[in-house]
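The file run.txt comes next; it holds compact mmCIF, C-alpha atoms and all ligand atoms.
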# COMPACT_ATOMS: atom_id res chain seq x y z
CA MET T 1 -79.78 -5.85 17.55
CA GLN T 2 -81.29 -2.56 16.49
CA HIS T 3 -77.78 -1.17 16.19
CA LYS T 4 -76.59 -4.16 14.16
CA SER T 5 -79.32 -4.05 11.55
CA SER T 6 -78.90 -0.34 11.04
CA ILE T 7 -76.32 -0.54 8.26
CA THR T 8 -78.70 -2.11 5.72
CA THR T 9 -81.37 0.42 6.61
CA LYS T 10 -78.83 3.23 6.26
CA ILE T 11 -77.77 1.97 2.83
CA LEU T 12 -81.39 1.73 1.77
CA ILE T 13 -82.08 5.31 2.89
CA ALA T 14 -78.88 6.51 1.17
CA MET T 15 -80.00 4.77 -2.00
CA GLY T 16 -83.39 6.52 -1.94
CA LEU T 17 -81.85 9.93 -1.19
CA GLY T 18 -79.24 9.53 -3.93
CA LEU T 19 -81.95 8.55 -6.39
CA ILE T 20 -84.05 11.60 -5.49
CA LEU T 21 -81.07 13.98 -5.69
CA GLY T 22 -80.06 12.51 -9.05
CA ALA T 23 -83.58 12.79 -10.44
CA LEU T 24 -83.82 16.42 -9.25
CA ILE T 25 -80.52 17.29 -10.90
CA ASN T 26 -81.61 15.56 -14.07
CA GLN T 27 -84.78 17.62 -14.12
CA TRP T 28 -83.48 21.03 -13.12
CA GLY T 29 -79.70 21.08 -12.90
CA ALA T 30 -78.46 19.18 -15.95
CA ASP T 31 -77.52 22.39 -17.86
CA ASN T 32 -75.69 24.00 -14.99
CA ALA T 33 -71.95 23.69 -15.73
CA PHE T 34 -71.01 23.77 -12.03
CA ILE T 35 -73.36 20.94 -11.14
CA ARG T 36 -72.30 18.90 -14.16
CA ASP T 37 -68.55 19.37 -13.82
CA TYR T 38 -68.05 19.55 -10.07
CA LEU T 39 -70.88 17.45 -8.70
CA VAL T 40 -72.02 14.84 -11.24
CA ASN T 41 -68.69 14.28 -13.00
CA GLY T 42 -66.68 15.38 -9.96
CA LEU T 43 -67.74 14.41 -6.46
CA PHE T 44 -70.46 11.87 -7.39
CA TYR T 45 -68.31 10.16 -9.97
CA VAL T 46 -65.14 10.01 -7.86
CA VAL T 47 -66.74 8.71 -4.66
CA GLY T 48 -69.09 6.30 -6.48
CA ALA T 49 -66.37 4.83 -8.71
CA ALA T 50 -63.92 4.58 -5.80
CA PHE T 51 -66.54 2.65 -3.85
CA VAL T 52 -67.12 0.22 -6.72
CA ASN T 53 -63.34 -0.25 -6.90
CA ALA T 54 -63.31 -1.00 -3.17
CA LEU T 55 -65.90 -3.73 -3.77
CA LYS T 56 -63.96 -5.14 -6.71
CA MET T 57 -60.82 -5.09 -4.55
CA LEU T 58 -62.45 -7.71 -2.32
CA VAL T 59 -63.47 -10.14 -5.02
CA VAL T 60 -60.27 -11.97 -6.03
CA PRO T 61 -58.77 -12.53 -2.54
CA LEU T 62 -62.15 -13.43 -1.07
CA VAL T 63 -63.00 -15.94 -3.81
CA THR T 64 -59.52 -17.44 -3.65
CA PHE T 65 -59.32 -17.97 0.10
CA SER T 66 -62.88 -19.08 0.53
CA LEU T 67 -62.73 -21.44 -2.47
CA ILE T 68 -59.56 -23.09 -1.14
CA GLY T 69 -61.40 -23.69 2.13
CA GLY T 70 -64.53 -24.82 0.26
CA VAL T 71 -62.83 -27.39 -1.97
CA TYR T 72 -60.65 -28.62 0.87
CA GLY T 73 -63.77 -28.87 3.04
CA ILE T 74 -65.55 -31.07 0.47
CA GLY T 75 -62.48 -33.26 0.59
CA ASP T 76 -63.58 -35.71 -2.10
CA VAL T 77 -63.02 -35.21 -5.80
CA GLY T 78 -66.06 -37.35 -6.65
CA ILE T 79 -68.39 -35.16 -4.57
CA LEU T 80 -66.74 -32.06 -5.99
CA GLY T 81 -67.46 -33.29 -9.51
CA ARG T 82 -71.11 -33.97 -8.67
CA VAL T 83 -71.52 -30.52 -7.10
CA GLY T 84 -69.89 -28.98 -10.17
CA ILE T 85 -72.10 -30.78 -12.67
CA LYS T 86 -75.30 -30.10 -10.70
CA THR T 87 -74.47 -26.42 -10.35
CA PHE T 88 -73.53 -26.02 -13.99
CA LEU T 89 -76.69 -27.74 -15.25
CA LEU T 90 -78.94 -25.77 -12.89
CA TYR T 91 -77.37 -22.50 -14.02
CA LEU T 92 -77.95 -23.41 -17.66
CA ALA T 93 -81.49 -24.62 -16.96
CA THR T 94 -82.57 -21.49 -15.07
CA THR T 95 -81.11 -19.22 -17.75
CA GLY T 96 -82.92 -21.29 -20.40
CA MET T 97 -86.19 -20.94 -18.45
CA ALA T 98 -85.67 -17.19 -18.14
CA VAL T 99 -85.15 -16.54 -21.83
CA THR T 100 -88.00 -18.88 -22.82
CA LEU T 101 -90.37 -17.06 -20.46
CA ALA T 102 -89.22 -13.72 -21.87
CA LEU T 103 -89.79 -14.85 -25.46
CA LEU T 104 -93.28 -16.16 -24.69
CA VAL T 105 -94.37 -13.01 -22.84
CA ALA T 106 -92.81 -10.73 -25.47
CA ILE T 107 -94.42 -12.60 -28.37
CA ALA T 108 -97.80 -12.28 -26.62
CA ALA T 109 -97.35 -8.60 -25.70
CA ALA T 110 -95.68 -7.69 -29.02
CA PRO T 111 -93.73 -4.59 -27.89
CA GLY T 112 -92.39 -2.48 -30.75
CA GLN T 113 -95.24 -3.05 -33.17
CA GLY T 114 -96.13 0.26 -34.82
CA PHE T 115 -93.09 1.83 -33.14
CA GLU T 116 -92.15 5.21 -34.60
CA ARG T 117 -88.44 5.85 -34.71
CA ILE T 118 -87.59 9.43 -33.92
CA GLY T 119 -84.12 10.83 -34.51
CA ALA T 120 -80.93 8.99 -35.21
CA LEU T 121 -79.94 5.77 -33.52
CA ALA T 122 -77.43 5.97 -30.70
CA GLU T 123 -74.11 4.63 -31.85
CA PHE T 124 -73.45 1.02 -30.83
CA THR T 125 -70.15 -0.51 -31.75
CA VAL T 126 -69.92 -4.25 -31.71
CA ALA T 127 -66.99 -5.79 -29.90
CA PRO T 128 -65.49 -8.83 -31.66
CA VAL T 129 -67.06 -11.97 -30.28
CA PRO T 130 -64.76 -14.89 -29.37
CA PRO T 131 -65.93 -18.25 -30.78
CA LEU T 132 -67.17 -20.83 -28.26
CA ALA T 133 -64.07 -23.01 -28.77
CA GLU T 134 -61.89 -20.11 -27.63
CA VAL T 135 -64.13 -19.50 -24.62
CA LEU T 136 -63.74 -23.13 -23.57
CA ILE T 137 -59.97 -23.17 -24.09
CA ALA T 138 -59.65 -19.93 -22.10
CA ILE T 139 -61.12 -21.57 -18.97
CA VAL T 140 -57.69 -23.13 -18.45
CA PRO T 141 -55.32 -20.31 -17.47
CA GLY T 142 -52.06 -20.31 -19.42
CA ASN T 143 -50.70 -18.07 -16.69
CA PRO T 144 -52.47 -18.18 -13.32
CA VAL T 145 -50.78 -14.99 -12.16
CA ALA T 146 -52.27 -13.16 -15.14
CA ALA T 147 -55.66 -14.72 -14.33
CA PHE T 148 -55.49 -13.33 -10.78
CA ALA T 149 -54.21 -9.97 -12.00
CA GLU T 150 -57.04 -9.63 -14.50
CA GLY T 151 -59.66 -11.04 -12.14
CA ASN T 152 -60.64 -13.66 -14.73
CA MET T 153 -63.14 -15.56 -12.59
CA LEU T 154 -63.44 -18.82 -14.55
CA GLN T 155 -59.65 -19.15 -14.75
CA ILE T 156 -59.27 -18.35 -11.06
CA ILE T 157 -61.90 -20.94 -10.13
CA PHE T 158 -60.19 -23.54 -12.33
CA PHE T 159 -56.74 -22.93 -10.88
CA VAL T 160 -57.89 -22.76 -7.26
CA ILE T 161 -59.82 -26.04 -7.59
CA VAL T 162 -56.78 -27.82 -9.05
CA PHE T 163 -54.59 -26.30 -6.33
CA ALA T 164 -56.95 -27.29 -3.52
CA ILE T 165 -57.21 -30.85 -4.88
CA ALA T 166 -53.40 -30.97 -4.80
CA MET T 167 -53.55 -29.73 -1.20
CA LEU T 168 -55.84 -32.65 -0.37
CA MET T 169 -53.23 -34.97 -1.82
CA SER T 170 -50.43 -33.39 0.23
CA GLY T 171 -51.36 -34.63 3.68
CA ASP T 172 -50.10 -32.53 6.56
CA ARG T 173 -48.67 -29.74 4.45
CA GLY T 174 -52.00 -29.39 2.69
CA ARG T 175 -53.80 -29.28 6.03
CA GLN T 176 -51.53 -26.51 7.27
CA LEU T 177 -52.16 -24.48 4.14
CA ALA T 178 -55.91 -25.00 4.52
CA GLY T 179 -55.69 -23.58 8.04
CA ILE T 180 -53.88 -20.52 6.72
CA ALA T 181 -56.43 -20.04 3.92
CA ASP T 182 -59.18 -20.28 6.50
CA ASN T 183 -57.57 -17.56 8.62
CA LEU T 184 -57.03 -15.38 5.58
CA ASN T 185 -60.67 -15.86 4.64
CA GLU T 186 -61.81 -14.73 8.08
CA VAL T 187 -59.64 -11.63 7.83
CA MET T 188 -60.96 -10.90 4.31
CA MET T 189 -64.50 -11.10 5.69
CA LYS T 190 -63.50 -8.34 8.10
CA VAL T 191 -62.17 -6.30 5.17
CA VAL T 192 -65.64 -6.72 3.63
CA MET T 193 -67.15 -5.31 6.81
CA LEU T 194 -64.78 -2.35 6.71
CA VAL T 195 -65.81 -1.54 3.14
CA MET T 196 -69.45 -2.03 4.18
CA ASP T 197 -69.09 0.79 6.67
CA PHE T 198 -68.61 3.16 3.75
CA ALA T 199 -71.46 1.65 1.77
CA PRO T 200 -74.11 4.28 2.60
CA VAL T 201 -71.86 7.04 1.26
CA GLY T 202 -70.76 5.02 -1.77
CA VAL T 203 -74.27 3.94 -2.69
CA PHE T 204 -75.61 7.50 -2.26
CA PHE T 205 -73.13 8.91 -4.77
CA LEU T 206 -73.53 6.00 -7.19
CA MET T 207 -77.28 6.55 -7.26
CA ALA T 208 -76.97 10.33 -7.53
CA LYS T 209 -74.60 10.02 -10.49
CA THR T 210 -76.65 7.41 -12.33
CA PHE T 211 -79.98 9.16 -11.94
CA SER T 212 -78.68 12.63 -12.74
CA GLU T 213 -77.70 11.24 -16.13
CA GLN T 214 -80.46 8.70 -16.66
CA GLY T 215 -83.59 10.74 -17.11
CA PHE T 216 -86.95 9.08 -16.97
CA GLY T 217 -87.92 10.98 -20.14
CA LEU T 218 -85.98 8.51 -22.27
CA ILE T 219 -88.21 5.71 -21.08
CA VAL T 220 -91.46 7.14 -22.44
CA PRO T 221 -91.00 6.23 -26.13
CA MET T 222 -89.62 2.85 -25.08
CA LEU T 223 -92.35 2.13 -22.57
CA GLY T 224 -93.56 -1.07 -24.26
CA TYR T 225 -90.10 -2.65 -24.20
CA PHE T 226 -89.40 -1.37 -20.72
CA VAL T 227 -92.61 -2.67 -19.17
CA VAL T 228 -92.31 -6.12 -20.76
CA VAL T 229 -88.72 -6.53 -19.53
CA ILE T 230 -89.70 -5.51 -16.00
CA ALA T 231 -92.78 -7.77 -16.03
CA CYS T 232 -90.63 -10.75 -17.06
CA LEU T 233 -87.97 -9.90 -14.46
CA LEU T 234 -90.67 -9.86 -11.79
CA LEU T 235 -92.29 -13.07 -13.05
CA HIS T 236 -89.01 -14.94 -13.10
CA GLY T 237 -87.49 -13.25 -10.04
CA LEU T 238 -90.49 -13.76 -7.81
CA GLY T 239 -92.37 -16.60 -9.54
CA THR T 240 -89.84 -19.06 -10.95
CA PHE T 241 -87.36 -18.60 -8.11
CA SER T 242 -90.05 -18.96 -5.43
CA LEU T 243 -91.19 -22.26 -6.96
CA LEU T 244 -87.63 -23.52 -7.22
CA LEU T 245 -86.85 -22.46 -3.66
CA TYR T 246 -89.99 -24.04 -2.28
CA PHE T 247 -89.94 -27.32 -4.18
CA MET T 248 -86.23 -27.94 -4.75
CA ALA T 249 -84.55 -26.23 -1.80
CA LYS T 250 -87.46 -26.75 0.63
CA LEU T 251 -87.08 -23.16 1.80
CA ASN T 252 -89.58 -20.38 2.49
CA PRO T 253 -89.18 -17.92 -0.42
CA LEU T 254 -90.38 -14.98 1.71
CA VAL T 255 -87.59 -15.48 4.24
CA PHE T 256 -85.13 -15.93 1.37
CA PHE T 257 -86.10 -12.66 -0.32
CA ARG T 258 -86.05 -10.72 2.94
CA LYS T 259 -82.57 -11.97 3.74
CA MET T 260 -81.30 -11.29 0.23
CA ARG T 261 -81.97 -7.55 0.58
CA PRO T 262 -78.33 -6.42 1.08
CA ALA T 263 -77.25 -8.35 -2.03
CA HIS T 264 -80.16 -6.80 -3.97
CA ILE T 265 -79.17 -3.29 -2.93
CA PHE T 266 -75.59 -3.78 -4.08
CA ALA T 267 -76.58 -5.51 -7.31
CA PHE T 268 -78.95 -2.64 -8.11
CA SER T 269 -76.57 0.19 -7.30
CA THR T 270 -73.46 -1.30 -8.94
CA ALA T 271 -75.16 -3.15 -11.84
CA SER T 272 -72.45 -5.76 -11.45
CA SER T 273 -72.86 -9.34 -10.22
CA ASN T 274 -69.08 -9.54 -9.98
CA ALA T 275 -68.69 -6.55 -7.68
CA THR T 276 -71.57 -7.94 -5.59
CA ILE T 277 -69.83 -11.32 -5.00
CA PRO T 278 -68.52 -10.36 -1.51
CA ILE T 279 -72.02 -9.42 -0.35
CA THR T 280 -73.69 -12.42 -2.01
CA LEU T 281 -71.19 -14.76 -0.35
CA GLN T 282 -71.76 -13.12 3.00
CA VAL T 283 -75.55 -13.26 2.70
CA VAL T 284 -75.68 -16.81 1.39
CA GLU T 285 -73.36 -18.20 4.07
CA LYS T 286 -74.16 -16.13 7.12
CA ARG T 287 -77.83 -15.24 6.55
CA LEU T 288 -79.17 -18.18 4.52
CA GLY T 289 -77.07 -20.83 6.24
CA VAL T 290 -75.36 -22.34 3.19
CA GLY T 291 -72.08 -24.10 3.98
CA ASN T 292 -68.89 -22.51 2.72
CA ALA T 293 -67.98 -25.71 0.85
CA THR T 294 -70.89 -25.10 -1.55
CA ALA T 295 -71.16 -21.30 -1.61
CA ALA T 296 -67.46 -20.65 -2.20
CA PHE T 297 -67.81 -22.47 -5.51
CA THR T 298 -71.36 -21.74 -6.67
CA VAL T 299 -71.47 -17.98 -5.98
CA PRO T 300 -68.40 -16.84 -7.99
CA LEU T 301 -69.26 -19.34 -10.72
CA GLY T 302 -72.82 -18.00 -10.86
CA ALA T 303 -71.66 -14.39 -11.07
CA THR T 304 -69.81 -15.37 -14.23
CA ILE T 305 -71.95 -17.94 -16.02
CA ASN T 306 -75.48 -17.38 -14.70
CA MET T 307 -77.43 -14.39 -15.92
CA ASP T 308 -81.16 -14.94 -15.87
CA GLY T 309 -82.05 -11.26 -15.87
CA THR T 310 -79.74 -10.61 -18.78
CA ALA T 311 -81.23 -13.53 -20.71
CA ILE T 312 -84.68 -12.04 -20.13
CA MET T 313 -83.59 -8.71 -21.57
CA GLN T 314 -82.19 -10.56 -24.59
CA GLY T 315 -85.43 -12.45 -25.21
CA VAL T 316 -87.57 -9.31 -25.02
CA ALA T 317 -85.07 -7.21 -27.03
CA THR T 318 -85.06 -9.80 -29.83
CA VAL T 319 -88.84 -9.70 -30.20
CA PHE T 320 -88.90 -5.89 -29.82
CA ILE T 321 -86.27 -5.20 -32.48
CA ALA T 322 -87.79 -7.78 -34.83
CA ASN T 323 -91.13 -5.96 -34.47
CA VAL T 324 -89.60 -2.50 -34.95
CA TYR T 325 -87.88 -3.61 -38.16
CA GLY T 326 -90.91 -5.65 -39.25
CA ILE T 327 -88.90 -8.89 -39.40
CA GLY T 328 -90.84 -12.11 -38.77
CA LEU T 329 -88.87 -14.69 -36.82
CA GLU T 330 -89.22 -18.46 -37.30
CA TRP T 331 -89.47 -20.93 -34.43
CA SER T 332 -86.00 -22.20 -35.26
CA GLN T 333 -84.70 -18.66 -34.77
CA TYR T 334 -86.35 -18.44 -31.37
CA LEU T 335 -84.61 -21.68 -30.43
CA THR T 336 -81.33 -20.14 -31.58
CA VAL T 337 -82.03 -17.16 -29.30
CA ILE T 338 -82.53 -19.52 -26.35
CA GLY T 339 -79.36 -21.47 -27.11
CA MET T 340 -77.30 -18.35 -27.77
CA SER T 341 -78.30 -16.48 -24.64
CA VAL T 342 -77.50 -19.51 -22.51
CA LEU T 343 -74.13 -20.03 -24.19
CA ALA T 344 -73.25 -16.35 -24.35
CA SER T 345 -73.63 -16.04 -20.59
CA ILE T 346 -70.93 -18.66 -19.96
CA GLY T 347 -67.93 -16.76 -21.22
CA THR T 348 -68.93 -13.24 -20.19
CA ALA T 349 -68.35 -11.81 -16.73
CA GLY T 350 -71.13 -10.13 -14.76
CA VAL T 351 -70.13 -6.50 -15.21
CA PRO T 352 -72.24 -3.45 -16.14
CA GLY T 353 -73.55 -3.39 -19.68
CA VAL T 354 -72.14 -6.75 -20.74
CA GLY T 355 -75.67 -7.87 -21.61
CA LEU T 356 -75.62 -5.63 -24.67
CA ILE T 357 -72.46 -7.29 -25.97
CA MET T 358 -74.15 -10.64 -25.52
CA LEU T 359 -77.20 -9.28 -27.30
CA ALA T 360 -75.01 -8.41 -30.27
CA MET T 361 -73.96 -12.09 -30.43
CA VAL T 362 -77.60 -13.18 -30.36
CA PHE T 363 -78.63 -10.69 -33.04
CA SER T 364 -75.87 -11.59 -35.47
CA GLN T 365 -76.71 -15.26 -35.00
CA VAL T 366 -80.41 -14.85 -35.86
CA GLY T 367 -79.81 -12.19 -38.50
CA LEU T 368 -81.35 -9.18 -36.76
CA PRO T 369 -79.76 -5.74 -37.39
CA VAL T 370 -77.13 -5.25 -34.68
CA GLU T 371 -77.42 -1.45 -35.00
CA GLY T 372 -80.96 -1.87 -33.62
CA ILE T 373 -79.29 -2.17 -30.21
CA GLY T 374 -78.70 1.60 -30.44
CA LEU T 375 -82.44 1.95 -29.90
CA ILE T 376 -82.47 0.35 -26.46
CA LEU T 377 -79.15 1.82 -25.36
CA GLY T 378 -80.74 4.87 -23.73
CA VAL T 379 -82.83 2.88 -21.28
CA ASP T 380 -80.33 0.12 -20.71
CA ARG T 381 -78.61 1.35 -17.56
CA LEU T 382 -81.77 1.27 -15.49
CA LEU T 383 -82.72 -2.17 -16.82
CA ASP T 384 -79.13 -3.31 -16.23
CA MET T 385 -79.49 -2.44 -12.55
CA LEU T 386 -82.76 -4.33 -12.31
CA ARG T 387 -81.61 -7.41 -14.23
CA THR T 388 -78.45 -7.62 -12.13
CA VAL T 389 -80.72 -8.02 -9.08
CA VAL T 390 -82.35 -11.00 -10.83
CA ASN T 391 -78.93 -12.38 -11.86
CA VAL T 392 -77.70 -12.32 -8.27
CA THR T 393 -80.97 -13.79 -6.96
CA GLY T 394 -80.55 -16.62 -9.47
CA ASP T 395 -77.03 -17.32 -8.21
CA ALA T 396 -78.29 -17.50 -4.62
CA THR T 397 -81.32 -19.63 -5.55
CA VAL T 398 -79.22 -22.26 -7.35
CA THR T 399 -76.71 -22.14 -4.48
CA THR T 400 -79.41 -23.05 -1.95
CA ILE T 401 -80.76 -25.85 -4.17
CA VAL T 402 -77.30 -27.38 -4.59
CA ALA T 403 -76.59 -26.90 -0.88
CA ARG T 404 -79.85 -28.64 0.07
CA SER T 405 -79.02 -31.61 -2.15
CA GLN T 406 -75.62 -31.85 -0.43
CA GLY T 407 -77.09 -31.51 3.08
CA GLN T 408 -75.24 -28.19 3.34
CA ILE T 409 -77.99 -25.88 4.62
CA ASP T 410 -78.28 -25.01 8.27
CA ASP T 411 -82.02 -24.44 8.68
CA ARG T 412 -81.52 -22.84 12.09
CA ILE T 413 -79.46 -20.07 10.51
CA PHE T 414 -81.95 -19.73 7.64
CA ASN T 415 -84.88 -19.38 10.03
CA ASP T 416 -83.14 -17.04 12.47
CA PRO T 417 -84.05 -13.46 11.43
CA GLU T 418 -80.97 -12.06 13.17
CA ALA T 419 -78.42 -14.55 11.85
CA GLY T 420 -75.51 -12.86 10.09
CA VAL T 421 -77.09 -9.42 9.98
CA ILE T 422 -74.50 -7.17 8.42
CA GLY T 423 -73.67 -4.80 11.25
CA GLU T 424 -71.20 -2.06 11.87
CA ILE T 425 -67.81 -3.09 13.13
CA ARG T 426 -65.76 -1.27 15.67
CA LEU T 427 -62.20 -0.49 14.78
CA PRO T 428 -59.71 -1.73 17.34
CA HIS T 429 -57.79 0.97 19.20
CA ARG T 430 -54.26 0.40 20.28
CA ASN T 431 -52.85 2.27 23.20
CA CYS T 432 -49.24 3.01 22.47
N1 LIG X 1 -74.76 -6.13 -15.34
C1 LIG X 1 -75.13 -7.50 -15.41
C2 LIG X 1 -74.43 -8.28 -14.31
O1 LIG X 1 -73.40 -7.90 -13.83
C3 LIG X 1 -74.82 -8.10 -16.75
C4 LIG X 1 -75.67 -7.41 -17.81
O2 LIG X 1 -76.83 -7.77 -17.94
O3 LIG X 1 -75.20 -6.51 -18.49
O4 LIG X 1 -74.92 -9.30 -13.89

Would you mind writing the file's structure down as structure tokens?
Ligand code: ASP
Amino acid sequence: MQHKSSITTKILIAMGLGLILGALINQWGADNAFIRDYLVNGLFYVVGAAFVNALKMLVVPLVTFSLIGGVYGIGDVGILGRVGIKTFLLYLATTGMAVTLALLVAIAAAPGQGFERIGALAEFTVAPVPPLAEVLIAIVPGNPVAAFAEGNMLQIIFFVIVFAIAMLMSGDRGRQLAGIADNLNEVMMKVVMLVMDFAPVGVFFLMAKTFSEQGFGLIVPMLGYFVVVIACLLLHGLGTFSLLLYFMAKLNPLVFFRKMRPAHIFAFSTASSNATIPITLQVVEKRLGVGNATAAFTVPLGATINMDGTAIMQGVATVFIANVYGIGLEWSQYLTVIGMSVLASIGTAGVPGVGLIMLAMVFSQVGLPVEGIGLILGVDRLLDMLRTVVNVTGDATVTTIVARSQGQIDDRIFNDPEAGVIGEIRLPHRNC
């Protein structure tokens, strides 16, 4: 058992070492051309980015195979519809709670009042924002192959669900296909384990790269904003989720958080809920005991439409920028912020930095200066890493609530500390 649990510990140690190395370089080595060109933008960048690609490589096949099995496993379109509606509403509700909490705390703490702007604003270019109607239309893939090629999660989910329903209607042929999808899913899980074996190295270089560029000095002038965002992330991440887990999923939040650790580590080091999907799925199914029929649907959906941490950043950033520019906001504008951050999260995938694009939507809707985002750009990467942890925790929390309501949680697995521990796998050797 000691041997099995060692991979998470190794990743955690690698994360700490990478962070320390990065911080040291940031402090003393940033001007050295060799370190910058060959280490930070060379070795660190190449290994870190290749590792993130390896994680992304898992997402589409894993979601596809496990969702086919999941939908086929539910086996009833009525139940599927109920699971879908419940999940969707819970995702919207938790995001709404997150942004409301952030607005209340930020209004009380008033970060940004008396803020002195030094120097020019960092450049922030606003990407064109698709209208909601387009977002809704785009859920239906005009070309499923393109959807798979681009990794468009909502389109993939839509197509796979329709396909799996058709499998249910196809009797024996459908059953045979389901068996194949199940086998493919098992094999993909092994591919996840193979990638996991490289995780300590990948995470080390990701951390070293990020922290050699992200100095802590930038945080000082933005301390008010920074502290309020982190306080709200903690309040929501530990407070709201614990209450939901305890009262709605009837689960012990302490066990939940302990078991979520691998997903947290990956969310933090990649700043991407999407790239973390393989680990979240693994943790939720094998460690928390959620049935594949629920998790295969709720986890990828959550990575795309549920972003509580991001909504928190948006709530605090709105109040902060309004204070910096001395703009008083009306209650109706706060309500717009809540509505916008919930809606904006639906059409945007969980990838690094997407929160800022969503923030631009919120700002233009309530009439705040979008160029104000340049002010928070410098500290955003670190907050992105932290809010992604909350985003992923939100996906897992809602997943357990939905699973409980469907009778899809195995409490024995949840309560077994060793269940599904991500261990090292041994490569098979063939004697030729
Ligand atoms: N990086 C976040 C995620 O992947 C999104 C964001 O807040 O920018 O969940």

Could you list, as an mmCIF file with C-alpha atoms, keeping the file's coordinate frame, all protein and nucleic acid residues with an atom at most 10 Å from ligand LIG 1 (chain X), counting all atoms listed in the file?
data_model
loop_
_atom_site.group_PDB
_atom_site.id
_atom_site.type_symbol
_atom_site.label_atom_id
_atom_site.label_comp_id
_atom_site.auth_asym_id
_atom_site.auth_seq_id
_atom_site.Cartn_x
_atom_site.Cartn_y
_atom_site.Cartn_z
ATOM 1 C CA ALA T 267 -76.580 -5.510 -7.310
ATOM 2 C CA PHE T 268 -78.950 -2.640 -8.110
ATOM 3 C CA THR T 270 -73.460 -1.300 -8.940
ATOM 4 C CA ALA T 271 -75.160 -3.150 -11.840
ATOM 5 C CA SER T 272 -72.450 -5.760 -11.450
ATOM 6 C CA SER T 273 -72.860 -9.340 -10.220
ATOM 7 C CA ASN T 274 -69.080 -9.540 -9.980
ATOM 8 C CA ALA T 275 -68.690 -6.550 -7.680
ATOM 9 C CA THR T 276 -71.570 -7.940 -5.590
ATOM 10 C CA GLY T 302 -72.820 -18.000 -10.860
ATOM 11 C CA ALA T 303 -71.660 -14.390 -11.070
ATOM 12 C CA THR T 304 -69.810 -15.370 -14.230
ATOM 13 C CA ILE T 305 -71.950 -17.940 -16.020
ATOM 14 C CA ASN T 306 -75.480 -17.380 -14.700
ATOM 15 C CA MET T 307 -77.430 -14.390 -15.920
ATOM 16 C CA ASP T 308 -81.160 -14.940 -15.870
ATOM 17 C CA GLY T 309 -82.050 -11.260 -15.870
ATOM 18 C CA THR T 310 -79.740 -10.610 -18.780
ATOM 19 C CA ALA T 311 -81.230 -13.530 -20.710
ATOM 20 C CA ILE T 312 -84.680 -12.040 -20.130
ATOM 21 C CA MET T 313 -83.590 -8.710 -21.570
ATOM 22 C CA GLN T 314 -82.190 -10.560 -24.590
ATOM 23 C CA SER T 345 -73.630 -16.040 -20.590
ATOM 24 C CA THR T 348 -68.930 -13.240 -20.190
ATOM 25 C CA ALA T 349 -68.350 -11.810 -16.730
ATOM 26 C CA GLY T 350 -71.130 -10.130 -14.760
ATOM 27 C CA VAL T 351 -70.130 -6.500 -15.210
ATOM 28 C CA PRO T 352 -72.240 -3.450 -16.140
ATOM 29 C CA GLY T 353 -73.550 -3.390 -19.680
ATOM 30 C CA VAL T 354 -72.140 -6.750 -20.740
ATOM 31 C CA GLY T 355 -75.670 -7.870 -21.610
ATOM 32 C CA LEU T 356 -75.620 -5.630 -24.670
ATOM 33 C CA ILE T 357 -72.460 -7.290 -25.970
ATOM 34 C CA MET T 358 -74.150 -10.640 -25.520
ATOM 35 C CA LEU T 359 -77.200 -9.280 -27.300
ATOM 36 C CA ASP T 380 -80.330 0.120 -20.710
ATOM 37 C CA ARG T 381 -78.610 1.350 -17.560
ATOM 38 C CA LEU T 383 -82.720 -2.170 -16.820
ATOM 39 C CA ASP T 384 -79.130 -3.310 -16.230
ATOM 40 C CA MET T 385 -79.490 -2.440 -12.550
ATOM 41 C CA LEU T 386 -82.760 -4.330 -12.310
ATOM 42 C CA ARG T 387 -81.610 -7.410 -14.230
ATOM 43 C CA THR T 388 -78.450 -7.620 -12.130
ATOM 44 C CA VAL T 389 -80.720 -8.020 -9.080
ATOM 45 C CA VAL T 390 -82.350 -11.000 -10.830
ATOM 46 C CA ASN T 391 -78.930 -12.380 -11.860
ATOM 47 C CA VAL T 392 -77.700 -12.320 -8.270
#

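Distance-wise, atom CA of T:Arg258 and atom CA of T:Ile7 end up 15.1 Å apart.
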
Wanna dump the stretch 95-213 of chain T-stretch 41-53 of chain T contacts at 6 Å for me, each residue with its shortest atom pair and the distance in Å to one decimal, counting all atoms listed in the file, ordered by chain and number, as a tab-separated table?
residue	atom	partner	partner_atom	distance
T:Gly202	CA	T:Gly48	CA	5.2
T:Phe205	CA	T:Phe44	CA	4.8
T:Leu206	CA	T:Gly48	CA	4.5
T:Lys209	CA	T:Phe44	CA	5.5

Exercise for the section: Please identify all polymer residues within 12 Å of T:Ala146, counting only C-alpha atoms, omitting same-chain residues fewer than 5 positions from it, and present them as number ranges by chain. Expected result: T: 140-141, 151-153, 155-156, 159

Handout entry: Shortest interatomic distance to T:Leu244 - which of T:Ala199, T:Ile13, T:Met97, T:Val191, counting all atoms listed in the file
Key =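 That would be T:Met97, the residue with the smallest distance to T:Leu244.
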
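When only C-alpha atoms are used to compute distances to T:Ala322, the closest of the residues T:Leu24, T:Pro111, T:Val77, T:His236 turns out to be T:Pro111.
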
Problem - Distance criterion (all atoms listed in the file): nearest to T:Ile74 out of T:Phe297, T:Phe204, T:Tyr334, T:Phe198 - result: T:Phe297

Problem - For T:Phe363, the nearest of the candidates T:Val379, T:Gln176, T:Val324, T:Val319, counting all atoms listed in the file - result: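 Closest to T:Phe363, using all atoms listed in the file: T:Val319.
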